[in-house]
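Undergrad: To start, I am sharing the structure in question, which I have written as structure tokens.
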Amino acid sequence: MSNHNYEFNQHLDDIVRQLNEGYRSSGLFFNRSSLPRPNRKVILEIISDFRQLLFPTYYGSETLTRTSAPYFVGHMLTSLHDKLLCQLELALAYREGGKTEAVARRAKEVSSEVFQELPRIQKLLFIDVEAALNGDPAAGSREQVIFSYPGLNAIFVHRIAHELYLRDIPYIPRIMSEYVHGLTGIDINPGATIGEYFFIDHGTGVVIGETTEIGENVKIYQGVTLGALSTRAGLKLAGKKRHPTIENNVTIYSGASILGGKTVIGESSTIGGNAFITSSIPPFSRVSIKNPELTVHDFGEREQELDPEDYRWISLDHSGL
């Protein structure tokens with residue numbers, strides 16, 4: 001036996017004991033180990049099915065016609081309902097400590113309510129497509145927006161997850177939102193309330209907190225944070241308004257941070273890039289930060305004579321602008 005294996009075996013019993021103590025003290029394992037959990041893989045399939053149902057010729061069926069559409073919709077709704085109902089029951093039972101008649105009844109109620117909302121969600125998404133088409137000169141077409149825009153993908157998943165969040169379904173809404181967060185870099189908490197004609201341009205690094213309220217015809221760019229001033233109190237802040245309110249017809253440019261539950265951005269305002277806002281802004285305002293003083297070192301014809309050390313110095317100098 002090598003010295004490394006000998007040392008490991010010497011400590012093995014102690015490591016096992018400590019890990020088991022961690023299992024017991026955390027309360028996360030033994031008391032729920034026998035309960036089945038929501039299946040993340042199936043939840044992602046549900047997202048895919050919803051996408052196929054709402055945008056059928058772009059995701060899934062390539063042969064949809066006016067005649068075949070009702071049969072396609074009926075089949076998709078039946079299949080989706082069975083999948084979603086099962087996951088709702090699992091999520092509620094896991095939170096409540098077991099499946100009961102009340103859990104089964106609530107799962108059926110929520111599933112029915114969500115499917116009744118689908119025509120409204122479809123209309124909202126079509127309006128969001130128009131917002132992207134009209135808000136981005138590079139969009140080219142509605143088809144390109146539907147096929148490729150990460151902002152629309154994030155909004156689509158949010159509008160489904162939000163309906164489950166409103167009905168106090170645990171786990172599933174956050175699994176959905178974190179899945180699309182990983183795909184797009186856009187982090188929208190399922191609790192956020194977002195009005196129609198919403199457009200996220202580029203999108204990478206956007207964060208929208210749980211109690212954010214966004215009105216109609218709002219456009220935001222990459223790197224925008226709609227967040228809380230402080231979350232150090234943790235779960236004590238649950239249910240309280242921590243994130244800002246963005247009223248109708250507001251544009252927020254890249255890198256802006258708008259923080260706090262009492263912060264309201266008044267309608268028809270424009271927030272400039274990199275602004276840091278923790279108090280309310282009146283309607284019809286334009287907010288910008290002053291340009292920092294720039295220092296430019298123009299070496300002219302000497303540029304070809306610079307050695308690598310000079311180039312590194314220029315890069316460092318400009319990184320502080």
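Each chain of the structure tokens is named A, B, ... in the order shown, its residues numbered from 1; ligands are numbered from 1 in display order.
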Need to verify the contact set: region 37-51 of chain A, 10 Å, only C-alpha atoms, exclusion of same-chain residues closer than 3 positions in sequence. Can you return it as number ranges by chain?

TA: A: 32-34, 54-56, 58-60, 76-77, 79-81, 83-84, 86-95, 118, 153, 156-157, 160-161, 170-173, 175-176, 179-180

Undergrad: Next, dump the selected residues to file, keeping only N, CA and C atoms, as a compact mmCIF listing (two decimals), in the first residue's frame.

TA:
# COMPACT_ATOMS: atom_id res chain seq x y z
N ARG A 32 -36.46 13.90 3.48
CA ARG A 32 -37.16 13.92 2.20
C ARG A 32 -36.58 12.92 1.21
N SER A 33 -35.74 12.05 1.67
CA SER A 33 -35.04 11.16 0.76
C SER A 33 -35.99 10.21 0.02
N SER A 34 -37.15 9.92 0.61
CA SER A 34 -38.08 8.98 -0.03
C SER A 34 -39.05 9.67 -0.98
N LEU A 54 -46.49 27.31 -29.35
CA LEU A 54 -46.73 28.74 -29.59
C LEU A 54 -46.09 29.24 -30.88
N PHE A 55 -45.01 28.57 -31.32
CA PHE A 55 -44.35 28.93 -32.58
C PHE A 55 -44.16 27.66 -33.41
N PRO A 56 -45.26 27.03 -33.86
CA PRO A 56 -45.18 25.66 -34.38
C PRO A 56 -44.33 25.47 -35.63
N TYR A 58 -41.81 27.11 -36.57
CA TYR A 58 -40.42 27.49 -36.32
C TYR A 58 -39.73 26.48 -35.40
N TYR A 59 -40.50 25.85 -34.54
CA TYR A 59 -39.95 24.85 -33.63
C TYR A 59 -40.86 23.63 -33.68
N GLY A 60 -40.44 22.62 -34.43
CA GLY A 60 -41.25 21.40 -34.48
C GLY A 60 -41.88 21.19 -35.83
N MET A 76 -50.85 18.52 -29.00
CA MET A 76 -49.83 19.15 -28.16
C MET A 76 -50.37 19.50 -26.79
N LEU A 77 -51.59 20.02 -26.74
CA LEU A 77 -52.18 20.41 -25.46
C LEU A 77 -52.37 19.19 -24.55
N SER A 79 -50.72 16.28 -24.62
CA SER A 79 -49.42 15.77 -24.18
C SER A 79 -48.79 16.68 -23.14
N LEU A 80 -48.86 17.99 -23.40
CA LEU A 80 -48.28 18.96 -22.48
C LEU A 80 -48.98 18.94 -21.13
N HIS A 81 -50.29 18.83 -21.16
CA HIS A 81 -51.05 18.83 -19.91
C HIS A 81 -50.62 17.68 -19.02
N LYS A 83 -47.74 16.04 -18.99
CA LYS A 83 -46.39 16.28 -18.48
C LYS A 83 -46.38 17.31 -17.37
N LEU A 84 -47.06 18.44 -17.62
CA LEU A 84 -47.04 19.52 -16.64
C LEU A 84 -47.74 19.11 -15.36
N CYS A 86 -48.07 16.21 -14.01
CA CYS A 86 -47.21 15.30 -13.24
C CYS A 86 -46.13 16.07 -12.48
N GLN A 87 -45.50 17.02 -13.14
CA GLN A 87 -44.43 17.79 -12.49
C GLN A 87 -44.99 18.73 -11.41
N LEU A 88 -46.18 19.26 -11.63
CA LEU A 88 -46.80 20.10 -10.61
C LEU A 88 -47.09 19.29 -9.35
N GLU A 89 -47.59 18.08 -9.52
CA GLU A 89 -47.87 17.22 -8.37
C GLU A 89 -46.58 16.90 -7.62
N LEU A 90 -45.51 16.60 -8.36
CA LEU A 90 -44.24 16.28 -7.73
C LEU A 90 -43.70 17.48 -6.93
N ALA A 91 -43.78 18.66 -7.53
CA ALA A 91 -43.25 19.85 -6.87
C ALA A 91 -44.03 20.18 -5.61
N LEU A 92 -45.35 20.14 -5.70
CA LEU A 92 -46.18 20.46 -4.53
C LEU A 92 -46.03 19.39 -3.44
N ALA A 93 -45.99 18.12 -3.84
CA ALA A 93 -45.86 17.04 -2.86
C ALA A 93 -44.51 17.11 -2.16
N TYR A 94 -43.46 17.46 -2.90
CA TYR A 94 -42.14 17.55 -2.29
C TYR A 94 -42.09 18.67 -1.26
N ARG A 95 -42.74 19.79 -1.57
CA ARG A 95 -42.77 20.89 -0.61
C ARG A 95 -43.63 20.55 0.61
N LEU A 118 -52.90 30.44 -22.09
CA LEU A 118 -52.02 30.34 -23.26
C LEU A 118 -52.41 31.27 -24.41
N ASN A 153 -36.30 34.65 -26.48
CA ASN A 153 -36.26 33.34 -25.81
C ASN A 153 -36.43 33.50 -24.31
N PHE A 156 -40.02 34.62 -23.54
CA PHE A 156 -40.96 33.51 -23.73
C PHE A 156 -40.98 32.61 -22.49
N VAL A 157 -39.80 32.19 -22.04
CA VAL A 157 -39.73 31.31 -20.87
C VAL A 157 -40.28 32.03 -19.64
N ILE A 160 -44.12 32.02 -19.31
CA ILE A 160 -44.65 30.74 -18.82
C ILE A 160 -44.34 30.57 -17.33
N ALA A 161 -43.08 30.79 -16.96
CA ALA A 161 -42.67 30.60 -15.57
C ALA A 161 -43.43 31.53 -14.63
N PRO A 170 -43.71 25.76 -6.39
CA PRO A 170 -42.28 25.79 -6.04
C PRO A 170 -41.41 25.13 -7.11
N TYR A 171 -40.15 25.48 -7.10
CA TYR A 171 -39.08 24.82 -7.86
C TYR A 171 -39.18 25.01 -9.38
N ILE A 172 -40.31 24.67 -9.97
CA ILE A 172 -40.41 24.63 -11.44
C ILE A 172 -40.15 25.99 -12.08
N PRO A 173 -40.77 27.09 -11.60
CA PRO A 173 -40.50 28.38 -12.25
C PRO A 173 -39.02 28.75 -12.25
N ILE A 175 -36.41 26.66 -11.99
CA ILE A 175 -35.70 25.76 -12.90
C ILE A 175 -35.79 26.29 -14.33
N MET A 176 -36.98 26.75 -14.71
CA MET A 176 -37.17 27.30 -16.06
C MET A 176 -36.33 28.56 -16.28
N TYR A 179 -32.59 27.88 -16.42
CA TYR A 179 -32.23 27.21 -17.67
C TYR A 179 -32.00 28.23 -18.78
N VAL A 180 -32.95 29.14 -18.95
CA VAL A 180 -32.79 30.12 -20.03
C VAL A 180 -31.72 31.15 -19.69

Undergrad: Kindly provide the residues of region 111-165 of chain A that approach region 205-213 of chain A to within 12 Å, each paired with its closest atom pair and their distance in Å to one decimal, based on only C-alpha atoms, listed by chain and increasing number, as JSON lines.

TA:
{"residue": "A:Pro150", "atom": "CA", "partner": "A:Val206", "partner_atom": "CA", "distance": 11.3}
{"residue": "A:Gly151", "atom": "CA", "partner": "A:Val206", "partner_atom": "CA", "distance": 9.7}
{"residue": "A:Ala154", "atom": "CA", "partner": "A:Val206", "partner_atom": "CA", "distance": 10.5}
{"residue": "A:Ile155", "atom": "CA", "partner": "A:Ile208", "partner_atom": "CA", "distance": 11.3}
{"residue": "A:His158", "atom": "CA", "partner": "A:Ile208", "partner_atom": "CA", "distance": 10.9}
{"residue": "A:His162", "atom": "CA", "partner": "A:Glu210", "partner_atom": "CA", "distance": 10.2}
{"residue": "A:Tyr165", "atom": "CA", "partner": "A:Glu210", "partner_atom": "CA", "distance": 10.2}

Undergrad: For the selection you just gave me, I'd like the residues written to a file as a short mmCIF file (atom, residue, chain, number, x, y, z; two decimals), in the first residue's frame, keeping all heavy atoms.

TA:
data_model
loop_
_atom_site.label_atom_id
_atom_site.label_comp_id
_atom_site.auth_asym_id
_atom_site.auth_seq_id
_atom_site.Cartn_x
_atom_site.Cartn_y
_atom_site.Cartn_z
N PRO A 150 -31.98 36.05 -28.42
CA PRO A 150 -31.97 35.55 -27.04
C PRO A 150 -32.97 36.28 -26.15
O PRO A 150 -33.53 35.69 -25.22
CB PRO A 150 -30.53 35.79 -26.57
CG PRO A 150 -30.02 36.87 -27.47
CD PRO A 150 -30.69 36.67 -28.78
N GLY A 151 -33.19 37.57 -26.43
CA GLY A 151 -34.15 38.32 -25.63
C GLY A 151 -35.54 37.74 -25.70
O GLY A 151 -36.22 37.58 -24.69
N ALA A 154 -35.71 34.47 -23.73
CA ALA A 154 -35.81 34.70 -22.29
C ALA A 154 -37.20 35.18 -21.89
O ALA A 154 -37.75 34.75 -20.87
CB ALA A 154 -34.75 35.72 -21.86
N ILE A 155 -37.77 36.05 -22.71
CA ILE A 155 -39.11 36.57 -22.40
C ILE A 155 -40.16 35.46 -22.51
O ILE A 155 -41.08 35.36 -21.69
CB ILE A 155 -39.45 37.75 -23.33
CG1 ILE A 155 -38.49 38.92 -23.08
CG2 ILE A 155 -40.89 38.20 -23.11
CD1 ILE A 155 -38.50 39.95 -24.18
N HIS A 158 -39.96 33.32 -19.52
CA HIS A 158 -40.44 34.07 -18.36
C HIS A 158 -41.96 34.10 -18.32
O HIS A 158 -42.57 33.95 -17.25
CB HIS A 158 -39.90 35.49 -18.36
CG HIS A 158 -40.53 36.34 -17.30
ND1 HIS A 158 -40.18 36.24 -15.97
CD2 HIS A 158 -41.53 37.27 -17.35
CE1 HIS A 158 -40.91 37.07 -15.26
NE2 HIS A 158 -41.74 37.70 -16.07
N HIS A 162 -43.72 32.74 -15.09
CA HIS A 162 -44.41 33.73 -14.25
C HIS A 162 -45.80 33.25 -13.86
O HIS A 162 -46.25 33.49 -12.73
CB HIS A 162 -44.49 35.06 -15.00
CG HIS A 162 -45.11 36.17 -14.21
ND1 HIS A 162 -44.54 36.67 -13.05
CD2 HIS A 162 -46.25 36.89 -14.40
CE1 HIS A 162 -45.29 37.65 -12.57
NE2 HIS A 162 -46.33 37.79 -13.36
N TYR A 165 -45.31 30.90 -11.07
CA TYR A 165 -44.91 31.66 -9.87
C TYR A 165 -46.13 32.30 -9.21
O TYR A 165 -46.26 32.26 -7.98
CB TYR A 165 -43.89 32.72 -10.27
CG TYR A 165 -43.51 33.67 -9.17
CD1 TYR A 165 -42.40 33.44 -8.36
CD2 TYR A 165 -44.27 34.82 -8.92
CE1 TYR A 165 -42.05 34.31 -7.35
CE2 TYR A 165 -43.93 35.70 -7.91
CZ TYR A 165 -42.82 35.44 -7.12
OH TYR A 165 -42.50 36.32 -6.12
#

Undergrad: Could you pull out all residues of region 42-280 of chain A with a DSSP call of strand (DSSP E) and give them as JSON, numbers by chain?

TA: {"A": [187, 188, 193, 194, 199, 200, 207, 208, 213, 214, 219, 220, 225, 226, 227, 245, 246, 251, 252, 257, 258, 259, 264, 265, 270, 271, 276, 277]}

Undergrad: If I take CA of Val224 (chain A) and CA of Leu294 (chain A), how far is one from the other in Å, to one decimal?

TA: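 CA of Leu294 (chain A) lies 24.2 Å from CA of Val224 (chain A).
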
Undergrad: Please report, as CSV, each residue of region 168-251 of chain A lying at most 12 Å from region 283-293 of chain A, together with the nearest pair of atoms and the separation in Å rounded to one decimal; use only C-alpha atoms, and order rows by chain and ascending residue number.

TA:
residue,atom,partner,partner_atom,distance
A:Ile246,CA,A:Pro283,CA,10.4
A:Glu247,CA,A:Pro283,CA,8.5
A:Asn248,CA,A:Pro283,CA,9.6
A:Asn249,CA,A:Phe284,CA,9.5
A:Val250,CA,A:Phe284,CA,8.9
A:Thr251,CA,A:Arg286,CA,9.7

Undergrad: Which neighbours of Glu130 (chain A) fall inside 10 Å, counting only C-alpha atoms, when residues of the same chain fewer than 3 positions from it are skipped, and could you give them as number ranges by chain?

TA: A: 124-127, 133-135, 141-142, 145, 197-199

Undergrad: Write out, as a short mmCIF file (atom, residue, chain, number, x, y, z; two decimals), in the first residue's frame, the residues just selected, with C-alpha atoms.

TA:
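again14.cif was written with the following content:
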data_model
loop_
_atom_site.label_atom_id
_atom_site.label_comp_id
_atom_site.auth_asym_id
_atom_site.auth_seq_id
_atom_site.Cartn_x
_atom_site.Cartn_y
_atom_site.Cartn_z
CA LEU A 124 -48.12 38.88 -25.67
CA LEU A 125 -45.29 37.01 -27.39
CA PHE A 126 -46.44 38.14 -30.84
CA ILE A 127 -46.38 41.72 -29.53
CA LEU A 133 -38.59 44.01 -35.01
CA ASN A 134 -39.34 47.70 -34.52
CA GLY A 135 -36.67 48.21 -31.87
CA SER A 141 -37.68 39.99 -40.11
CA ARG A 142 -40.04 38.50 -37.58
CA VAL A 145 -36.37 37.38 -34.21
CA TYR A 197 -44.21 45.14 -26.09
CA PHE A 198 -41.05 44.38 -24.12
CA PHE A 199 -37.66 44.18 -25.84
#

Undergrad: Could you tell me how far CA of Thr278 (chain A) sits from CA of Ile220 (chain A), in Å to one decimal place?

TA: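 Computing the Euclidean distance for CA of Ile220 (chain A) and CA of Thr278 (chain A) yields 17.5 Å.
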
Undergrad: Residues within 12 Å of region 19-31 of chain A, please, as number ranges by chain. Count only C-alpha atoms; anything in the same chain fewer than 4 positions from it doesn't count.

TA: A: 12-15, 35, 94-98

Undergrad: Just how far from CA of His75 (chain A) is CA of Thr63 (chain A), in Å to one decimal?

TA: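 Rounded to one decimal, the two atoms are 14.8 Å apart.
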
Undergrad: Between A:Asp201, A:Asp298, A:Glu267, A:Asp128, which is the closest to Ser254 (chain A) once you count only C-alpha atoms?

TA: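 Ranked by minimum distance to Ser254 (chain A), first place goes to A:Asp201.
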
Undergrad: For region 166-168 of chain A, find every residue with an atom within 9 Å (counting only C-alpha atoms), except residues of its own chain fewer than 6 positions away, and show them as a count of residues only.

TA: 3
